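Encoded as structure tokens, the structure appears first; notes follow it.
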Amino acid sequence: MARPAGGVTVRVPAKVNVQLAVGAPRPDGFHDLANVFLAVGLYDEITVTPSDTLRITVTGPDAHLVPRDGTNLAARAAELLAARYGVKDPGVHIHIAKDIPVAGGMAGGSADGAGALLACDALWGTGAGRTELLDICAELGSDVPFSLVGGAALGRGRGEILTPLDVRGVFHWVFAPADGGLSTPAVYRECDRLRAGTAVPEPEATPQLLAALRTGDPVSLAAAVSNDLQPAAVSLRPSLAATLEAGTAAGALAALVSGSGPTCAFLAEDAAAAERVAAALTASGTCRAARVAQGPAAGATLLPG
Ligand SMILES: C[C@@](CO)(OP(=O)(O)O)[C@H](O)COP(=O)(O)OP(=O)(O)OC[C@H]1O[C@@H](n2ccc(N)nc2=O)[C@H](O)[C@@H]1O
Ligand SMILES: Nc1ncnc2c1ncn2[C@@H]1O[C@H](COP(=O)(O)OP(=O)(O)O)[C@@H](O)[C@H]1O
């Protein structure tokens, strides 16, 4: 389906967590993190046009899995912005062209929240500054601020307190979405269950990982990636072990679960190696699909016209 005419369109990337260090549960139910985000070139496009009421439409392979009601993060973003700035006619048609796997650990819902916020700000001329937009993003969800800024960043707190990171060059990735998603709160609960009775250290980004990003060396990055949620995701979805193994056997430098999963992420030496890993994963039958993408990618971006 073509983009609805006469609107404002924003393109927003997915993310992979190259390190996800998870602390002990906090009294508010969240976990303190050292969350090293890398935005990657798989995108949702959010188009907003004036309408009498709030209306959501979605296209794309996973469209049927996306809520069309007020729980959609894009709808919540529009409502929060309108309430904060006293927008007189906040009716809006939000169209989501969805390419990011749903409930896949790649922050697709967060991308749509950040995208709708930026698009509505432009449509309504609210003139919210970067700080105000980031503040609304943090209210929408822990990962939403990163979807707005993109690139690479260290997320502290519950992931919403961002420090941009230097990255040299591009890293070549393969992403293997699974059939069916995993619930983020359920994966954090499983992580707590698996670690019950053990001392959980304060989460810290490792110097080796940050150095690997700065030098742009995929072999160094592969040696440093880690995800504390991976054992929990594999515990809830044991078939992920076969997907990870298939990517490693195909020559990936590193294989890890993306965030809370179930999408598996594979780091490759270069573009040609990524294509080979993707082909082998597709042929292995251990995942729904396999797609190459590069990171870092730019954050939420207004598209011309
Ligand atoms: C795991 C991560 C890694 O980047 O991403 P996904 O894999 O979901 O994409 C994030 O921490 C997901 O962030 P996000 O999806 O924005 O979570 P939120 O809406 O803020 O929170 C949903 C639920 O996840 C749990 N949660 C989230 C963040 C955090 N630091 N600690 C938590 O325990 C809580 O149970 C919370 O109620
Ligand atoms: N715009 C949206 N796109 C996808 N899912 C959304 C959206 N808004 C709310 N959700 C809800 O958020 C859940 C998590 O979706 P998503 O952000 O894609 O995954 P993850 O948190 O694993 O990165 C979905 O199962 C869905 O119920």
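So you can find residues: chains in the structure tokens are A, B, ... in the order shown, residues in each start at 1, and ligands are numbered from 1 in order.
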Nearby residues, ligand 1, 6 Å, only C-alpha atoms and all ligand atoms, as a list in words:
Gly29, Phe30, His31, Asp32, Leu33, Gly105, Met106, Ala107, Gly141, Ser142, Asp143, Val144, Arg158, Gly159, Thr184, Pro185, Tyr188, Gly259, Ser260 and Gly261 of chain A
Go ahead and write the residues just picked, N, CA and C atoms, as a tab-separated table (two decimals), in the first residue's frame.
chain	number	residue	atom	x	y	z
A	29	GLY	N	9.76	-2.64	39.93
A	29	GLY	CA	9.51	-3.73	38.97
A	29	GLY	C	10.44	-3.70	37.78
A	30	PHE	N	11.14	-2.57	37.57
A	30	PHE	CA	12.12	-2.50	36.46
A	30	PHE	C	13.47	-3.02	36.94
A	31	HIS	N	14.41	-3.17	36.00
A	31	HIS	CA	15.77	-3.58	36.30
A	31	HIS	C	16.72	-2.48	35.84
A	32	ASP	N	17.71	-2.16	36.67
A	32	ASP	CA	18.76	-1.26	36.18
A	32	ASP	C	19.59	-1.99	35.14
A	33	LEU	N	19.98	-1.25	34.11
A	33	LEU	CA	20.68	-1.87	32.97
A	33	LEU	C	21.96	-1.13	32.63
A	105	GLY	N	12.13	-8.35	20.13
A	105	GLY	CA	13.35	-7.89	20.79
A	105	GLY	C	14.13	-6.88	19.96
A	106	MET	N	13.44	-6.26	18.98
A	106	MET	CA	14.11	-5.27	18.13
A	106	MET	C	13.49	-3.88	18.25
A	107	ALA	N	12.62	-3.71	19.28
A	107	ALA	CA	12.06	-2.40	19.63
A	107	ALA	C	11.16	-1.80	18.54
A	141	GLY	N	8.17	4.41	27.22
A	141	GLY	CA	8.82	3.11	27.42
A	141	GLY	C	10.32	3.27	27.53
A	142	SER	N	10.98	2.27	28.11
A	142	SER	CA	12.42	2.36	28.40
A	142	SER	C	13.25	2.48	27.13
A	143	ASP	N	12.83	1.83	26.05
A	143	ASP	CA	13.62	1.80	24.81
A	143	ASP	C	13.27	2.95	23.85
A	144	VAL	N	12.20	3.69	24.13
A	144	VAL	CA	11.71	4.68	23.15
A	144	VAL	C	12.70	5.83	22.92
A	158	ARG	N	16.68	2.40	33.56
A	158	ARG	CA	15.97	1.27	32.94
A	158	ARG	C	16.21	1.22	31.43
A	159	GLY	N	17.18	2.03	30.96
A	159	GLY	CA	17.55	2.05	29.54
A	159	GLY	C	17.28	3.40	28.91
A	184	THR	N	8.31	-9.24	26.79
A	184	THR	CA	9.47	-8.66	27.49
A	184	THR	C	9.36	-8.86	29.01
A	185	PRO	N	8.23	-8.52	29.67
A	185	PRO	CA	8.17	-8.74	31.13
A	185	PRO	C	8.37	-10.20	31.50
A	188	TYR	N	12.13	-10.93	31.46
A	188	TYR	CA	12.79	-10.39	32.67
A	188	TYR	C	12.44	-11.26	33.89
A	259	GLY	N	18.05	-8.51	22.55
A	259	GLY	CA	17.24	-8.05	23.68
A	259	GLY	C	16.52	-9.21	24.34
A	260	SER	N	15.19	-9.09	24.46
A	260	SER	CA	14.40	-10.14	25.09
A	260	SER	C	14.00	-11.23	24.10
A	261	GLY	N	14.45	-11.10	22.85
A	261	GLY	CA	14.18	-12.12	21.84
A	261	GLY	C	12.73	-12.09	21.37
Please identify the residues whose atoms come within 8 Å of ligand 2, using only C-alpha atoms and all ligand atoms, and report them as an MDAnalysis selection string.
chainID A and resid 65:67 71:74 96 98 100:113 181:184 259:262
Which of these, A:Asp166, A:Glu160, A:Asp192, A:Asp62, has the shortest distance to Ala34 (chain A) once you count only C-alpha atoms?
A:Glu160
Pairwise distance for CA of Leu267 (chain A) and CA of Arg11 (chain A), rounded to one decimal in Å
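Separation of CA of Leu267 (chain A) and CA of Arg11 (chain A): 23.8 Å.
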Backbone-only DSSP, alpha helix (DSSP H) members of region 89-282 of chain A, as a PyMOL selection string
chain A and resi 108-124+130-140+144-149+184-195+207-215+218-224+230-236+240-249+271-282
Closest pair table for region 115-224 of chain A residues within 10 Å of region 263-266 of chain A, only C-alpha atoms, as a tab-separated table:
residue	atom	partner	partner_atom	distance
A:His172	CA	A:Phe266	CA	8.5
A:Trp173	CA	A:Phe266	CA	5.5
A:Val174	CA	A:Phe266	CA	5.0
A:Phe175	CA	A:Ala265	CA	4.7
A:Ala176	CA	A:Cys264	CA	5.1
A:Pro177	CA	A:Thr263	CA	4.3
A:Ala178	CA	A:Thr263	CA	5.8
A:Asp179	CA	A:Thr263	CA	9.2
A:Gly180	CA	A:Thr263	CA	9.8
A:Gly181	CA	A:Thr263	CA	8.4
A:Leu182	CA	A:Thr263	CA	9.2
A:Ala222	CA	A:Phe266	CA	9.1
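Non-sequential neighbours of region 18-27 of chain A (distance at most 7 Å, separation of 3 or more positions within a chain, only C-alpha atoms) are Phe30, His31, Asp32, Leu33, Ala34, Asn35, Val36, Phe37, Leu38, Val200, Pro201, Glu202, Pro203, Glu204, Val225, Ser226, Asn227 and Asp228 of chain A.
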Quick one: pick out all strand (DSSP E) residues within region 1-45 of chain A from a backbone DSSP run and write them as a PyMOL selection string.
chain A and resi 8-25+31-45
Given the selection you just returned, output its residues as a file containing N, CA and C atoms, formatted as a compact mmCIF listing (two decimals), in the first residue's frame.
# COMPACT_ATOMS: atom_id res chain seq x y z
N VAL A 8 2.75 13.57 7.04
CA VAL A 8 4.15 13.68 7.45
C VAL A 8 4.64 12.26 7.72
N THR A 9 5.78 11.89 7.13
CA THR A 9 6.30 10.53 7.31
C THR A 9 7.65 10.56 8.01
N VAL A 10 7.78 9.65 8.97
CA VAL A 10 9.04 9.51 9.72
C VAL A 10 9.50 8.05 9.60
N ARG A 11 10.80 7.87 9.38
CA ARG A 11 11.39 6.53 9.28
C ARG A 11 12.19 6.26 10.55
N VAL A 12 11.98 5.07 11.14
CA VAL A 12 12.63 4.78 12.43
C VAL A 12 13.26 3.38 12.38
N PRO A 13 14.51 3.27 12.88
CA PRO A 13 15.21 1.99 12.78
C PRO A 13 14.88 1.03 13.92
N ALA A 14 15.20 -0.24 13.71
CA ALA A 14 15.19 -1.25 14.77
C ALA A 14 16.50 -1.15 15.54
N LYS A 15 16.62 -1.93 16.60
CA LYS A 15 17.88 -1.96 17.37
C LYS A 15 18.27 -3.39 17.68
N VAL A 16 19.61 -3.54 17.93
CA VAL A 16 20.10 -4.77 18.55
C VAL A 16 20.86 -4.31 19.79
N ASN A 17 20.84 -5.12 20.84
CA ASN A 17 21.59 -4.78 22.05
C ASN A 17 22.91 -5.54 21.97
N VAL A 18 24.02 -4.82 21.76
CA VAL A 18 25.30 -5.52 21.65
C VAL A 18 25.81 -5.92 23.04
N GLN A 19 25.39 -5.20 24.07
CA GLN A 19 25.55 -5.69 25.44
C GLN A 19 24.28 -5.35 26.20
N LEU A 20 23.79 -6.31 26.95
CA LEU A 20 22.64 -6.06 27.81
C LEU A 20 22.96 -6.67 29.17
N ALA A 21 23.46 -5.80 30.07
CA ALA A 21 23.78 -6.24 31.44
C ALA A 21 22.59 -5.85 32.32
N VAL A 22 22.03 -6.83 33.02
CA VAL A 22 20.78 -6.64 33.76
C VAL A 22 21.06 -6.77 35.25
N GLY A 23 20.72 -5.72 36.01
CA GLY A 23 20.89 -5.76 37.46
C GLY A 23 19.73 -6.48 38.14
N ALA A 24 19.74 -6.42 39.46
CA ALA A 24 18.68 -7.04 40.26
C ALA A 24 17.38 -6.26 40.07
N PRO A 25 16.21 -6.90 40.29
CA PRO A 25 14.95 -6.16 40.14
C PRO A 25 14.87 -5.00 41.14
N HIS A 31 14.41 -3.17 36.00
CA HIS A 31 15.77 -3.58 36.30
C HIS A 31 16.72 -2.48 35.84
N ASP A 32 17.71 -2.16 36.67
CA ASP A 32 18.76 -1.26 36.18
C ASP A 32 19.59 -1.99 35.14
N LEU A 33 19.98 -1.25 34.11
CA LEU A 33 20.68 -1.87 32.97
C LEU A 33 21.96 -1.13 32.63
N ALA A 34 22.87 -1.85 32.00
CA ALA A 34 23.87 -1.24 31.13
C ALA A 34 23.49 -1.79 29.75
N ASN A 35 22.80 -0.96 28.98
CA ASN A 35 22.18 -1.42 27.74
C ASN A 35 22.87 -0.72 26.56
N VAL A 36 23.72 -1.46 25.85
CA VAL A 36 24.44 -0.85 24.72
C VAL A 36 23.63 -1.12 23.45
N PHE A 37 22.97 -0.05 23.02
CA PHE A 37 22.09 -0.11 21.85
C PHE A 37 22.87 0.19 20.57
N LEU A 38 22.53 -0.54 19.52
CA LEU A 38 23.02 -0.20 18.18
C LEU A 38 21.80 -0.19 17.26
N ALA A 39 21.53 0.95 16.62
CA ALA A 39 20.41 1.01 15.67
C ALA A 39 20.83 0.34 14.38
N VAL A 40 19.93 -0.43 13.79
CA VAL A 40 20.26 -1.18 12.57
C VAL A 40 19.21 -0.89 11.48
N GLY A 41 19.63 -1.07 10.23
CA GLY A 41 18.84 -0.65 9.09
C GLY A 41 17.67 -1.54 8.70
N LEU A 42 16.80 -1.82 9.64
CA LEU A 42 15.45 -2.36 9.35
C LEU A 42 14.51 -1.30 9.88
N TYR A 43 13.52 -0.89 9.08
CA TYR A 43 12.78 0.32 9.43
C TYR A 43 11.27 0.14 9.43
N ASP A 44 10.61 0.84 10.35
CA ASP A 44 9.18 1.11 10.22
C ASP A 44 9.04 2.55 9.71
N GLU A 45 7.98 2.78 8.92
CA GLU A 45 7.67 4.16 8.50
C GLU A 45 6.30 4.53 9.04
Give the answer as one residue: which of A:Leu162, A:His95, A:Ala205, A:Glu275 has the shortest atom-to-atom distance to Ala63 (chain A), using only C-alpha atoms?
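Smallest separation from Ala63 (chain A) among the options: A:His95.
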Measuring atom to atom with only C-alpha atoms, identify which of A:Arg193, A:Leu154, A:Leu244, A:Asp28 is nearest to Thr206 (chain A).
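For Thr206 (chain A), the nearest of the given residues is A:Leu154.
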What's the 8 Å shell around Val87 (chain A), counting only C-alpha atoms, without same-chain residues fewer than 3 positions away, as a ChimeraX atom specification?
/A:82-83,90,124,126
Can you pull out the residues contacting Ala122 (chain A)? Cut-off 12 Å, using only C-alpha atoms, and skip same-chain residues under 4 positions away; I want them as a list in words.
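Residues near the query, excluding close chain neighbours: Gly7, Val8, Thr9, Val10, Thr47, Val48, Thr49, Pro50, Ala78, Leu81, Gly115, Ala116, Leu117, Leu118, Thr126, Gly127, Ala128, Gly129, Leu133, Thr301, Leu302, Leu303 and Pro304 of chain A.
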May I have the selected residues written with N, CA and C atoms, as a JSON list (two decimals), in the first residue's frame?
[["chain", "number", "residue", "atom", "x", "y", "z"],
["A", 7, "GLY", "N", 0.51, 13.75, 4.17],
["A", 7, "GLY", "CA", 0.88, 13.60, 5.57],
["A", 7, "GLY", "C", 2.35, 13.86, 5.83],
["A", 8, "VAL", "N", 2.75, 13.57, 7.04],
["A", 8, "VAL", "CA", 4.15, 13.68, 7.45],
["A", 8, "VAL", "C", 4.64, 12.26, 7.72],
["A", 9, "THR", "N", 5.78, 11.89, 7.13],
["A", 9, "THR", "CA", 6.30, 10.53, 7.31],
["A", 9, "THR", "C", 7.65, 10.56, 8.01],
["A", 10, "VAL", "N", 7.78, 9.65, 8.97],
["A", 10, "VAL", "CA", 9.04, 9.51, 9.72],
["A", 10, "VAL", "C", 9.50, 8.05, 9.60],
["A", 47, "THR", "N", 3.33, 7.35, 9.07],
["A", 47, "THR", "CA", 2.79, 8.52, 8.37],
["A", 47, "THR", "C", 1.57, 9.02, 9.13],
["A", 48, "VAL", "N", 1.54, 10.32, 9.43],
["A", 48, "VAL", "CA", 0.37, 10.89, 10.12],
["A", 48, "VAL", "C", -0.31, 11.90, 9.21],
["A", 49, "THR", "N", -1.66, 11.82, 9.18],
["A", 49, "THR", "CA", -2.46, 12.78, 8.41],
["A", 49, "THR", "C", -3.62, 13.24, 9.30],
["A", 50, "PRO", "N", -4.10, 14.48, 9.09],
["A", 50, "PRO", "CA", -5.21, 14.96, 9.92],
["A", 50, "PRO", "C", -6.45, 14.07, 9.73],
["A", 78, "ALA", "N", 0.96, 10.08, 20.32],
["A", 78, "ALA", "CA", 0.16, 11.21, 19.81],
["A", 78, "ALA", "C", -0.67, 11.82, 20.93],
["A", 81, "LEU", "N", 1.55, 13.83, 23.44],
["A", 81, "LEU", "CA", 2.01, 15.10, 22.87],
["A", 81, "LEU", "C", 0.86, 16.11, 22.83],
["A", 115, "GLY", "N", 8.48, 7.47, 16.33],
["A", 115, "GLY", "CA", 8.16, 8.00, 15.01],
["A", 115, "GLY", "C", 6.87, 8.82, 15.02],
["A", 116, "ALA", "N", 5.86, 8.31, 15.70],
["A", 116, "ALA", "CA", 4.58, 9.04, 15.75],
["A", 116, "ALA", "C", 4.76, 10.36, 16.49],
["A", 117, "LEU", "N", 5.61, 10.35, 17.51],
["A", 117, "LEU", "CA", 5.85, 11.58, 18.27],
["A", 117, "LEU", "C", 6.47, 12.65, 17.38],
["A", 118, "LEU", "N", 7.52, 12.27, 16.66],
["A", 118, "LEU", "CA", 8.21, 13.24, 15.79],
["A", 118, "LEU", "C", 7.28, 13.69, 14.66],
["A", 126, "THR", "N", 3.89, 21.69, 17.02],
["A", 126, "THR", "CA", 3.97, 21.90, 18.47],
["A", 126, "THR", "C", 5.32, 22.48, 18.88],
["A", 127, "GLY", "N", 6.35, 22.26, 18.08],
["A", 127, "GLY", "CA", 7.65, 22.87, 18.36],
["A", 127, "GLY", "C", 8.31, 22.35, 19.63],
["A", 128, "ALA", "N", 8.02, 21.10, 19.99],
["A", 128, "ALA", "CA", 8.66, 20.53, 21.17],
["A", 128, "ALA", "C", 10.16, 20.43, 20.92],
["A", 129, "GLY", "N", 10.96, 20.78, 21.91],
["A", 129, "GLY", "CA", 12.41, 20.66, 21.77],
["A", 129, "GLY", "C", 12.85, 19.22, 21.96],
["A", 133, "LEU", "N", 10.88, 16.09, 23.80],
["A", 133, "LEU", "CA", 10.56, 14.86, 23.06],
["A", 133, "LEU", "C", 11.16, 13.64, 23.77],
["A", 301, "THR", "N", 13.77, 9.87, 11.59],
["A", 301, "THR", "CA", 14.10, 10.88, 10.58],
["A", 301, "THR", "C", 12.85, 11.26, 9.79],
["A", 302, "LEU", "N", 12.59, 12.56, 9.70],
["A", 302, "LEU", "CA", 11.48, 13.04, 8.85],
["A", 302, "LEU", "C", 11.85, 12.82, 7.39],
["A", 303, "LEU", "N", 10.95, 12.22, 6.61],
["A", 303, "LEU", "CA", 11.22, 12.00, 5.19],
["A", 303, "LEU", "C", 10.67, 13.18, 4.39],
["A", 304, "PRO", "N", 11.34, 13.56, 3.32],
["A", 304, "PRO", "CA", 10.85, 14.71, 2.55],
["A", 304, "PRO", "C", 9.50, 14.40, 1.91]]
Distance in Å - CA of Pro61 (chain A) versus CA of Asp99 (chain A):
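Pair CA of Pro61 (chain A) / CA of Asp99 (chain A) returns 7.3 Å.
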Tell me, in Å to one decimal, how far CA of Leu240 (chain A) is from CA of Gly299 (chain A).
28.7 Å
Neighbours of region 211-219 of chain A within 7 Å (only C-alpha atoms; same-chain residues fewer than 6 positions away dropped), as a ChimeraX atom specification?
/A:166-171,253,269
